[in-house]
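Participant: So that you have it, the file is input-v4.tsv, and it contains TSV, N, CA, C and O atoms:
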```tsv
chain	number	residue	atom	x	y	z
A	944	MET	N	7.73	44.78	-12.26
A	944	MET	CA	7.75	44.30	-10.88
A	944	MET	C	6.70	43.19	-10.68
A	944	MET	O	6.99	42.19	-10.06
A	945	LEU	N	5.52	43.39	-11.23
A	945	LEU	CA	4.47	42.39	-11.11
A	945	LEU	C	4.89	41.08	-11.77
A	945	LEU	O	4.63	40.01	-11.25
A	946	GLU	N	5.59	41.17	-12.89
A	946	GLU	CA	6.05	39.98	-13.60
A	946	GLU	C	7.08	39.21	-12.77
A	946	GLU	O	7.08	37.99	-12.74
A	947	ILE	N	7.94	39.89	-12.06
A	947	ILE	CA	8.93	39.23	-11.21
A	947	ILE	C	8.22	38.49	-10.09
A	947	ILE	O	8.53	37.34	-9.80
A	948	ASN	N	7.24	39.10	-9.47
A	948	ASN	CA	6.50	38.45	-8.40
A	948	ASN	C	5.76	37.23	-8.92
A	948	ASN	O	5.70	36.21	-8.25
A	949	ARG	N	5.21	37.34	-10.10
A	949	ARG	CA	4.51	36.20	-10.72
A	949	ARG	C	5.50	35.08	-11.00
A	949	ARG	O	5.19	33.91	-10.76
A	950	THR	N	6.68	35.42	-11.49
A	950	THR	CA	7.71	34.42	-11.76
A	950	THR	C	8.14	33.73	-10.47
A	950	THR	O	8.26	32.51	-10.43
A	951	ASP	N	8.35	34.53	-9.42
A	951	ASP	CA	8.72	33.95	-8.12
A	951	ASP	C	7.61	33.03	-7.61
A	951	ASP	O	7.88	31.94	-7.09
A	952	TYR	N	6.38	33.47	-7.77
A	952	TYR	CA	5.24	32.67	-7.33
A	952	TYR	C	5.20	31.34	-8.08
A	952	TYR	O	5.02	30.28	-7.46
A	953	GLU	N	5.37	31.37	-9.39
A	953	GLU	CA	5.35	30.15	-10.20
A	953	GLU	C	6.48	29.21	-9.79
A	953	GLU	O	6.29	28.00	-9.70
A	954	ARG	N	7.65	29.76	-9.54
A	954	ARG	CA	8.79	28.96	-9.11
A	954	ARG	C	8.53	28.28	-7.76
A	954	ARG	O	8.79	27.10	-7.58
A	955	GLU	N	7.99	29.06	-6.83
A	955	GLU	CA	7.67	28.52	-5.51
A	955	GLU	C	6.56	27.46	-5.61
A	955	GLU	O	6.62	26.44	-4.92
A	956	LYS	N	5.59	27.71	-6.47
A	956	LYS	CA	4.50	26.75	-6.66
A	956	LYS	C	5.05	25.43	-7.20
A	956	LYS	O	4.67	24.36	-6.74
A	957	GLU	N	5.92	25.49	-8.18
A	957	GLU	CA	6.52	24.28	-8.75
A	957	GLU	C	7.35	23.53	-7.70
A	957	GLU	O	7.30	22.30	-7.63
A	958	ALA	N	8.10	24.27	-6.90
A	958	ALA	CA	8.91	23.64	-5.85
A	958	ALA	C	8.00	22.96	-4.82
A	958	ALA	O	8.28	21.84	-4.37
A	959	ARG	N	6.90	23.62	-4.46
A	959	ARG	CA	5.93	23.06	-3.51
A	959	ARG	C	5.31	21.79	-4.08
A	959	ARG	O	5.19	20.77	-3.39
A	960	GLU	N	4.96	21.80	-5.36
A	960	GLU	CA	4.37	20.63	-6.00
A	960	GLU	C	5.37	19.46	-6.04
A	960	GLU	O	4.98	18.31	-5.82
A	961	ARG	N	6.64	19.76	-6.28
A	961	ARG	CA	7.67	18.70	-6.27
A	961	ARG	C	7.81	18.10	-4.87
A	961	ARG	O	7.93	16.88	-4.71
A	962	ARG	N	7.79	18.94	-3.83
A	962	ARG	CA	7.89	18.45	-2.46
A	962	ARG	C	6.69	17.58	-2.11
A	962	ARG	O	6.84	16.52	-1.50
A	963	LEU	N	5.49	18.01	-2.50
A	963	LEU	CA	4.28	17.24	-2.22
A	963	LEU	C	4.30	15.89	-2.94
A	963	LEU	O	3.90	14.87	-2.39
A	964	LYS	N	4.78	15.89	-4.18
A	964	LYS	CA	4.86	14.64	-4.93
A	964	LYS	C	5.86	13.70	-4.29
A	964	LYS	O	5.61	12.50	-4.14
A	965	ALA	N	7.00	14.22	-3.86
A	965	ALA	CA	8.01	13.40	-3.20
A	965	ALA	C	7.45	12.81	-1.90
A	965	ALA	O	7.67	11.64	-1.59
A	966	TYR	N	6.70	13.63	-1.17
A	966	TYR	CA	6.07	13.18	0.07
A	966	TYR	C	5.05	12.07	-0.21
A	966	TYR	O	5.05	11.03	0.44
A	967	ALA	N	4.21	12.28	-1.21
A	967	ALA	CA	3.21	11.28	-1.57
A	967	ALA	C	3.87	9.99	-2.06
A	967	ALA	O	3.42	8.89	-1.72
A	968	ASP	N	4.94	10.11	-2.82
A	968	ASP	CA	5.67	8.93	-3.30
A	968	ASP	C	6.25	8.14	-2.13
A	968	ASP	O	6.22	6.91	-2.12
A	969	GLU	N	6.79	8.84	-1.15
A	969	GLU	CA	7.37	8.18	0.02
A	969	GLU	C	6.29	7.43	0.81
A	969	GLU	O	6.50	6.30	1.25
A	970	ILE	N	5.14	8.05	0.99
A	970	ILE	CA	4.04	7.39	1.69
A	970	ILE	C	3.60	6.15	0.91
A	970	ILE	O	3.39	5.08	1.48
A	971	GLN	N	3.49	6.27	-0.41
A	971	GLN	CA	3.11	5.12	-1.25
A	971	GLN	C	4.12	3.99	-1.09
A	971	GLN	O	3.74	2.82	-0.99
A	972	ASN	N	5.40	4.30	-1.06
A	972	ASN	CA	6.43	3.28	-0.89
A	972	ASN	C	6.32	2.60	0.48
A	972	ASN	O	6.47	1.38	0.59
A	973	GLN	N	6.05	3.38	1.51
A	973	GLN	CA	5.89	2.81	2.85
A	973	GLN	C	4.68	1.88	2.90
A	973	GLN	O	4.76	0.79	3.48
A	974	VAL	N	3.58	2.30	2.30
A	974	VAL	CA	2.37	1.47	2.27
A	974	VAL	C	2.65	0.18	1.49
A	974	VAL	O	2.26	-0.90	1.92
A	975	ARG	N	3.33	0.31	0.37
A	975	ARG	CA	3.66	-0.87	-0.44
A	975	ARG	C	4.53	-1.85	0.37
A	975	ARG	O	4.28	-3.06	0.38
A	976	ASP	N	5.53	-1.32	1.07
A	976	ASP	CA	6.41	-2.18	1.87
A	976	ASP	C	5.64	-2.88	2.99
A	976	ASP	O	5.82	-4.08	3.22
A	977	LYS	N	4.82	-2.14	3.71
A	977	LYS	CA	4.03	-2.74	4.80
A	977	LYS	C	3.05	-3.77	4.25
A	977	LYS	O	2.86	-4.84	4.85
A	978	SER	N	2.43	-3.47	3.12
A	978	SER	CA	1.50	-4.42	2.50
A	978	SER	C	2.22	-5.70	2.12
A	978	SER	O	1.69	-6.80	2.33
A	979	ARG	N	3.41	-5.56	1.57
A	979	ARG	CA	4.19	-6.76	1.19
A	979	ARG	C	4.50	-7.62	2.41
A	979	ARG	O	4.45	-8.85	2.34
A	980	GLU	N	4.82	-6.98	3.52
A	980	GLU	CA	5.10	-7.72	4.76
A	980	GLU	C	3.87	-8.51	5.20
A	980	GLU	O	3.97	-9.68	5.57
A	981	ILE	N	2.72	-7.87	5.18
A	981	ILE	CA	1.48	-8.52	5.60
A	981	ILE	C	1.13	-9.66	4.65
A	981	ILE	O	0.78	-10.76	5.08
A	982	VAL	N	1.24	-9.40	3.35
A	982	VAL	CA	0.92	-10.44	2.36
A	982	VAL	C	1.86	-11.63	2.53
A	982	VAL	O	1.43	-12.79	2.44
A	983	LYS	N	3.12	-11.36	2.80
A	983	LYS	CA	4.08	-12.45	3.01
A	983	LYS	C	3.67	-13.30	4.21
A	983	LYS	O	3.70	-14.53	4.15
A	984	GLU	N	3.27	-12.65	5.28
A	984	GLU	CA	2.80	-13.38	6.47
A	984	GLU	C	1.56	-14.20	6.14
A	984	GLU	O	1.45	-15.37	6.58
A	985	LEU	N	0.64	-13.62	5.39
A	985	LEU	CA	-0.57	-14.34	5.01
A	985	LEU	C	-0.24	-15.54	4.13
A	985	LEU	O	-0.80	-16.63	4.31
A	986	GLU	N	0.65	-15.35	3.19
A	986	GLU	CA	1.03	-16.44	2.30
A	986	GLU	C	1.72	-17.56	3.10
A	986	GLU	O	1.46	-18.76	2.86
A	987	GLU	N	2.57	-17.19	4.03
A	987	GLU	CA	3.22	-18.20	4.87
A	987	GLU	C	2.19	-18.98	5.68
A	987	GLU	O	2.29	-20.20	5.83
A	988	GLU	N	1.18	-18.27	6.18
A	988	GLU	CA	0.12	-18.94	6.93
A	988	GLU	C	-0.68	-19.87	6.01
A	988	GLU	O	-1.06	-20.98	6.41
A	989	ARG	N	-0.92	-19.45	4.78
A	989	ARG	CA	-1.62	-20.31	3.81
A	989	ARG	C	-0.84	-21.60	3.60
A	989	ARG	O	-1.41	-22.69	3.63
A	990	HIS	N	0.47	-21.48	3.41
A	990	HIS	CA	1.31	-22.67	3.22
A	990	HIS	C	1.29	-23.55	4.47
A	990	HIS	O	1.21	-24.77	4.37
A	991	LYS	N	1.35	-22.91	5.63
A	991	LYS	CA	1.33	-23.63	6.90
A	991	LYS	C	0.05	-24.46	7.03
A	991	LYS	O	0.07	-25.59	7.52
A	992	GLN	N	-1.05	-23.89	6.56
A	992	GLN	CA	-2.33	-24.58	6.61
A	992	GLN	C	-2.54	-25.51	5.41
A	992	GLN	O	-3.59	-26.12	5.26
A	993	GLU	N	-1.52	-25.61	4.57
A	993	GLU	CA	-1.53	-26.47	3.39
A	993	GLU	C	-2.70	-26.18	2.46
A	993	GLU	O	-3.37	-27.08	1.94
A	994	LEU	N	-2.94	-24.89	2.24
A	994	LEU	CA	-3.98	-24.45	1.32
A	994	LEU	C	-3.34	-23.95	0.03
A	994	LEU	O	-2.26	-23.35	0.06
A	995	THR	N	-4.01	-24.16	-1.08
A	995	THR	CA	-3.54	-23.66	-2.37
A	995	THR	C	-4.17	-22.31	-2.66
A	995	THR	O	-5.12	-21.89	-1.97
A	996	GLN	N	-3.68	-21.66	-3.70
A	996	GLN	CA	-4.32	-20.40	-4.13
A	996	GLN	C	-5.75	-20.67	-4.57
A	996	GLN	O	-6.64	-19.85	-4.32
A	997	ALA	N	-5.99	-21.82	-5.18
A	997	ALA	CA	-7.36	-22.18	-5.58
A	997	ALA	C	-8.26	-22.33	-4.35
A	997	ALA	O	-9.42	-21.91	-4.37
A	998	ASP	N	-7.71	-22.93	-3.29
A	998	ASP	CA	-8.47	-23.03	-2.04
A	998	ASP	C	-8.82	-21.65	-1.51
A	998	ASP	O	-9.95	-21.40	-1.08
A	999	MET	N	-7.84	-20.74	-1.55
A	999	MET	CA	-8.07	-19.38	-1.06
A	999	MET	C	-9.12	-18.66	-1.90
A	999	MET	O	-9.94	-17.92	-1.37
A	1000	ALA	N	-9.09	-18.90	-3.20
A	1000	ALA	CA	-10.09	-18.28	-4.08
A	1000	ALA	C	-11.48	-18.75	-3.68
A	1000	ALA	O	-12.41	-17.94	-3.58
A	1001	GLU	N	-11.61	-20.03	-3.41
A	1001	GLU	CA	-12.91	-20.57	-3.01
A	1001	GLU	C	-13.34	-20.03	-1.64
A	1001	GLU	O	-14.50	-19.65	-1.46
A	1002	LEU	N	-12.41	-19.96	-0.72
A	1002	LEU	CA	-12.73	-19.48	0.63
A	1002	LEU	C	-13.06	-17.99	0.68
A	1002	LEU	O	-13.88	-17.56	1.50
A	1003	THR	N	-12.40	-17.21	-0.16
A	1003	THR	CA	-12.58	-15.75	-0.11
A	1003	THR	C	-13.62	-15.24	-1.10
A	1003	THR	O	-14.10	-14.12	-0.97
A	1004	GLY	N	-13.92	-16.05	-2.12
A	1004	GLY	CA	-14.81	-15.58	-3.18
A	1004	GLY	C	-14.08	-14.72	-4.20
A	1004	GLY	O	-14.69	-14.11	-5.06
A	1005	MET	N	-12.76	-14.67	-4.08
A	1005	MET	CA	-11.94	-13.91	-5.03
A	1005	MET	C	-11.53	-14.84	-6.17
A	1005	MET	O	-11.55	-16.06	-6.02
A	1006	MET	N	-11.16	-14.26	-7.29
A	1006	MET	CA	-10.67	-15.06	-8.40
A	1006	MET	C	-9.26	-15.54	-8.08
A	1006	MET	O	-8.47	-14.82	-7.45
A	1007	ALA	N	-8.92	-16.76	-8.53
A	1007	ALA	CA	-7.59	-17.31	-8.28
A	1007	ALA	C	-6.51	-16.40	-8.85
A	1007	ALA	O	-5.45	-16.23	-8.25
A	1008	SER	N	-6.78	-15.77	-9.99
A	1008	SER	CA	-5.80	-14.86	-10.59
A	1008	SER	C	-5.56	-13.65	-9.69
A	1008	SER	O	-4.44	-13.15	-9.61
A	1009	ASN	N	-6.59	-13.21	-8.98
A	1009	ASN	CA	-6.41	-12.09	-8.05
A	1009	ASN	C	-5.62	-12.51	-6.81
A	1009	ASN	O	-4.84	-11.72	-6.27
A	1010	ILE	N	-5.80	-13.76	-6.38
A	1010	ILE	CA	-5.00	-14.29	-5.28
A	1010	ILE	C	-3.53	-14.31	-5.69
A	1010	ILE	O	-2.65	-13.89	-4.94
A	1011	ALA	N	-3.26	-14.78	-6.91
A	1011	ALA	CA	-1.88	-14.83	-7.41
A	1011	ALA	C	-1.28	-13.43	-7.49
A	1011	ALA	O	-0.14	-13.21	-7.08
A	1012	ARG	N	-2.05	-12.46	-8.00
A	1012	ARG	CA	-1.55	-11.08	-8.08
A	1012	ARG	C	-1.30	-10.51	-6.69
A	1012	ARG	O	-0.33	-9.80	-6.48
A	1013	LEU	N	-2.17	-10.82	-5.76
A	1013	LEU	CA	-1.99	-10.37	-4.38
A	1013	LEU	C	-0.66	-10.89	-3.83
A	1013	LEU	O	0.14	-10.14	-3.28
A	1014	GLU	N	-0.44	-12.18	-4.01
A	1014	GLU	CA	0.76	-12.80	-3.44
A	1014	GLU	C	2.04	-12.40	-4.16
A	1014	GLU	O	3.10	-12.40	-3.55
A	1015	ASN	N	1.95	-12.07	-5.46
A	1015	ASN	CA	3.21	-11.69	-6.14
A	1015	ASN	C	3.51	-10.21	-6.02
A	1015	ASN	O	4.54	-9.74	-6.50
A	1016	GLY	N	2.63	-9.47	-5.35
A	1016	GLY	CA	2.92	-8.07	-5.04
A	1016	GLY	C	2.80	-7.11	-6.20
A	1016	GLY	O	3.36	-6.02	-6.16
A	1017	SER	N	2.05	-7.49	-7.23
A	1017	SER	CA	1.96	-6.61	-8.39
A	1017	SER	C	1.06	-5.39	-8.13
A	1017	SER	O	1.10	-4.43	-8.89
A	1018	ARG	N	0.29	-5.43	-7.04
A	1018	ARG	CA	-0.56	-4.29	-6.67
A	1018	ARG	C	-0.57	-4.12	-5.16
A	1018	ARG	O	-0.34	-5.06	-4.42
A	1019	VAL	N	-0.89	-2.92	-4.74
A	1019	VAL	CA	-1.08	-2.66	-3.31
A	1019	VAL	C	-2.53	-3.03	-2.99
A	1019	VAL	O	-3.45	-2.42	-3.54
A	1020	PRO	N	-2.72	-4.03	-2.13
A	1020	PRO	CA	-4.09	-4.46	-1.85
A	1020	PRO	C	-4.83	-3.50	-0.93
A	1020	PRO	O	-4.21	-2.78	-0.15
A	1021	THR	N	-6.13	-3.52	-1.04
A	1021	THR	CA	-6.95	-2.73	-0.11
A	1021	THR	C	-7.01	-3.46	1.22
A	1021	THR	O	-6.72	-4.67	1.31
A	1022	PHE	N	-7.42	-2.74	2.25
A	1022	PHE	CA	-7.59	-3.37	3.56
A	1022	PHE	C	-8.65	-4.45	3.48
A	1022	PHE	O	-8.49	-5.52	4.10
A	1023	LEU	N	-9.71	-4.22	2.73
A	1023	LEU	CA	-10.78	-5.20	2.60
A	1023	LEU	C	-10.25	-6.52	2.04
A	1023	LEU	O	-10.58	-7.60	2.54
A	1024	VAL	N	-9.41	-6.46	1.02
A	1024	VAL	CA	-8.83	-7.68	0.42
A	1024	VAL	C	-7.95	-8.39	1.44
A	1024	VAL	O	-8.03	-9.61	1.60
A	1025	LEU	N	-7.10	-7.64	2.14
A	1025	LEU	CA	-6.24	-8.25	3.16
A	1025	LEU	C	-7.07	-8.92	4.26
A	1025	LEU	O	-6.77	-10.03	4.69
A	1026	GLN	N	-8.11	-8.24	4.69
A	1026	GLN	CA	-8.96	-8.78	5.76
A	1026	GLN	C	-9.70	-10.03	5.29
A	1026	GLN	O	-9.79	-11.02	6.01
A	1027	LYS	N	-10.19	-10.01	4.07
A	1027	LYS	CA	-10.90	-11.15	3.51
A	1027	LYS	C	-9.98	-12.38	3.46
A	1027	LYS	O	-10.37	-13.48	3.83
A	1028	TYR	N	-8.76	-12.17	3.02
A	1028	TYR	CA	-7.75	-13.24	2.95
A	1028	TYR	C	-7.44	-13.76	4.36
A	1028	TYR	O	-7.40	-14.97	4.60
A	1029	ALA	N	-7.23	-12.83	5.28
A	1029	ALA	CA	-6.89	-13.21	6.66
A	1029	ALA	C	-8.01	-14.00	7.32
A	1029	ALA	O	-7.76	-15.03	7.96
A	1030	VAL	N	-9.24	-13.55	7.16
A	1030	VAL	CA	-10.39	-14.23	7.78
A	1030	VAL	C	-10.52	-15.65	7.24
A	1030	VAL	O	-10.82	-16.58	7.99
A	1031	ALA	N	-10.24	-15.83	5.97
A	1031	ALA	CA	-10.29	-17.17	5.37
A	1031	ALA	C	-9.28	-18.10	6.03
A	1031	ALA	O	-9.46	-19.32	6.04
A	1032	LEU	N	-8.23	-17.53	6.61
A	1032	LEU	CA	-7.20	-18.31	7.31
A	1032	LEU	C	-7.45	-18.38	8.81
A	1032	LEU	O	-6.63	-18.91	9.56
A	1033	GLY	N	-8.58	-17.82	9.25
A	1033	GLY	CA	-8.87	-17.79	10.69
A	1033	GLY	C	-8.10	-16.73	11.43
A	1033	GLY	O	-7.88	-16.82	12.63
A	1034	LYS	N	-7.67	-15.70	10.71
A	1034	LYS	CA	-6.89	-14.60	11.28
A	1034	LYS	C	-7.64	-13.29	11.05
A	1034	LYS	O	-8.66	-13.26	10.39
A	1035	GLN	N	-7.08	-12.21	11.57
A	1035	GLN	CA	-7.61	-10.89	11.27
A	1035	GLN	C	-6.46	-9.90	11.17
A	1035	GLN	O	-5.40	-10.12	11.74
A	1036	ILE	N	-6.69	-8.85	10.45
A	1036	ILE	CA	-5.72	-7.77	10.32
A	1036	ILE	C	-6.10	-6.71	11.35
A	1036	ILE	O	-7.25	-6.35	11.49
A	1037	GLU	N	-5.11	-6.20	12.04
A	1037	GLU	CA	-5.35	-5.15	13.03
A	1037	GLU	C	-4.60	-3.90	12.61
A	1037	GLU	O	-3.43	-3.96	12.26
A	1038	ILE	N	-5.29	-2.78	12.63
A	1038	ILE	CA	-4.68	-1.49	12.31
A	1038	ILE	C	-4.63	-0.68	13.60
A	1038	ILE	O	-5.59	-0.64	14.35
A	1039	LYS	N	-3.48	-0.05	13.84
A	1039	LYS	CA	-3.39	0.79	15.03
A	1039	LYS	C	-2.65	2.08	14.68
A	1039	LYS	O	-1.84	2.12	13.75
A	1040	LEU	N	-2.93	3.10	15.41
A	1040	LEU	CA	-2.30	4.39	15.25
A	1040	LEU	C	-1.07	4.45	16.15
A	1040	LEU	O	-1.15	4.15	17.34
A	1041	CYS	N	0.07	4.79	15.58
A	1041	CYS	CA	1.33	4.85	16.33
A	1041	CYS	C	2.00	6.20	16.11
A	1041	CYS	O	1.73	6.87	15.13
A	1042	ASP	N	2.88	6.54	17.03
A	1042	ASP	CA	3.72	7.71	16.81
A	1042	ASP	C	4.68	7.41	15.68
A	1042	ASP	O	5.16	6.29	15.55
A	1043	CYS	N	4.97	8.40	14.89
A	1043	CYS	CA	5.91	8.24	13.78
A	1043	CYS	C	7.31	8.06	14.35
A	1043	CYS	O	7.69	8.68	15.34
A	1044	GLU	N	8.05	7.18	13.68
A	1044	GLU	CA	9.46	7.01	14.07
A	1044	GLU	C	10.26	8.13	13.43
A	1044	GLU	O	10.05	8.49	12.29
A	1045	GLU	N	11.16	8.67	14.15
A	1045	GLU	CA	11.98	9.75	13.63
A	1045	GLU	C	13.19	9.22	12.93
A	1045	GLU	O	13.75	8.23	13.17
```
Rewrite the structure from the file as structure tokens, please.
Facilitator:
Amino acid sequence: MLEINRTDYEREKEARERRLKAYADEIQNQVRDKSREIVKELEEERHKQELTQADMAELTGMMASNIARLENGSRVPTFLVLQKYAVALGKQIEIKLCDCEE
């Protein structure tokens, strides 16, 4: 009887871990999508201001290769990186708390 309960517990634990991983993956995807939107807006503003990636590197103190990686979406940027890029363009990033959409 104890072995059955242990087996049930292990099964439930594995199912719980799969649900948590799926939840975390979904959040990561949402963050990646939102970050891409913001980076796209920043890149458009950079073009509008006729600045190059090299100009942005100089203005932000970041390496030009990191600016390129930021713009090509190979990584999810931190808020600090996004804010640094935005400030160099005379902009700022605003974060707000909203109700979740159903």
Participant: Of the candidates A:Ala967, A:Glu960, A:Glu1014, A:Ser1008, which one gets nearest to Lys983 of chain A if we count all atoms listed in the file?
Facilitator: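 Ranked by minimum distance to Lys983 of chain A, first place goes to A:Glu1014.
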Participant: Set the distance at 6 Å and use only N, CA, C and O atoms: which residues neighbour segment 996-1004 of chain A once local chain neighbours fewer than 6 positions away are removed? I'd like the list as JSON, numbers by chain.
Facilitator: {"A": [1010, 1027, 1031]}
Participant: Select, from A:Arg1012, A:Lys977, A:Arg959, A:Arg989, the residue with the minimum atom-to-atom distance to Ile1038 of chain A, counting only C-alpha atoms.
Facilitator: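 Using only C-alpha atoms, the shortest distance to Ile1038 of chain A belongs to A:Lys977.
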Participant: In Å, how far is it from atom O of Arg954 of chain A to atom CA of Asn972 of chain A?
Facilitator: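 Atom-to-atom, atom O of Arg954 of chain A and atom CA of Asn972 of chain A are spaced 24.9 Å apart.
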Participant: Nearest to Pro1020 of chain A: which of A:Gly1033, A:Val974, A:His990, A:Leu1040 is it, counting all atoms listed in the file?
Facilitator: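 The answer is A:Val974, which sits nearest to Pro1020 of chain A.
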Participant: Quick one: pick out all alpha helix (DSSP H) residues within segment 944-1034 of chain A from a backbone DSSP run and write them as a VMD selection string.
Facilitator: chain A and resid 945 to 991 996 to 1003 1007 to 1015 1022 to 1031
Participant: Where's the centre, and what are the edge lengths in Å to one decimal, of a box along x, y and z enclosing all listed atoms of segment 996-1012 of chain A padded 4 Å per side, as lines of an AutoDock Vina configuration file?
Facilitator:
```
center_x = -7.5
center_y = -16.4
center_z = -4.5
size_x = 22.7
size_y = 21.2
size_z = 20.1
```
Participant: From the set A:Leu1032, A:Gln1026, A:Cys1043, A:Arg975, which residue has the shortest atom-to-atom contact distance to Thr995 of chain A, counting only C-alpha atoms?
Facilitator: A:Leu1032
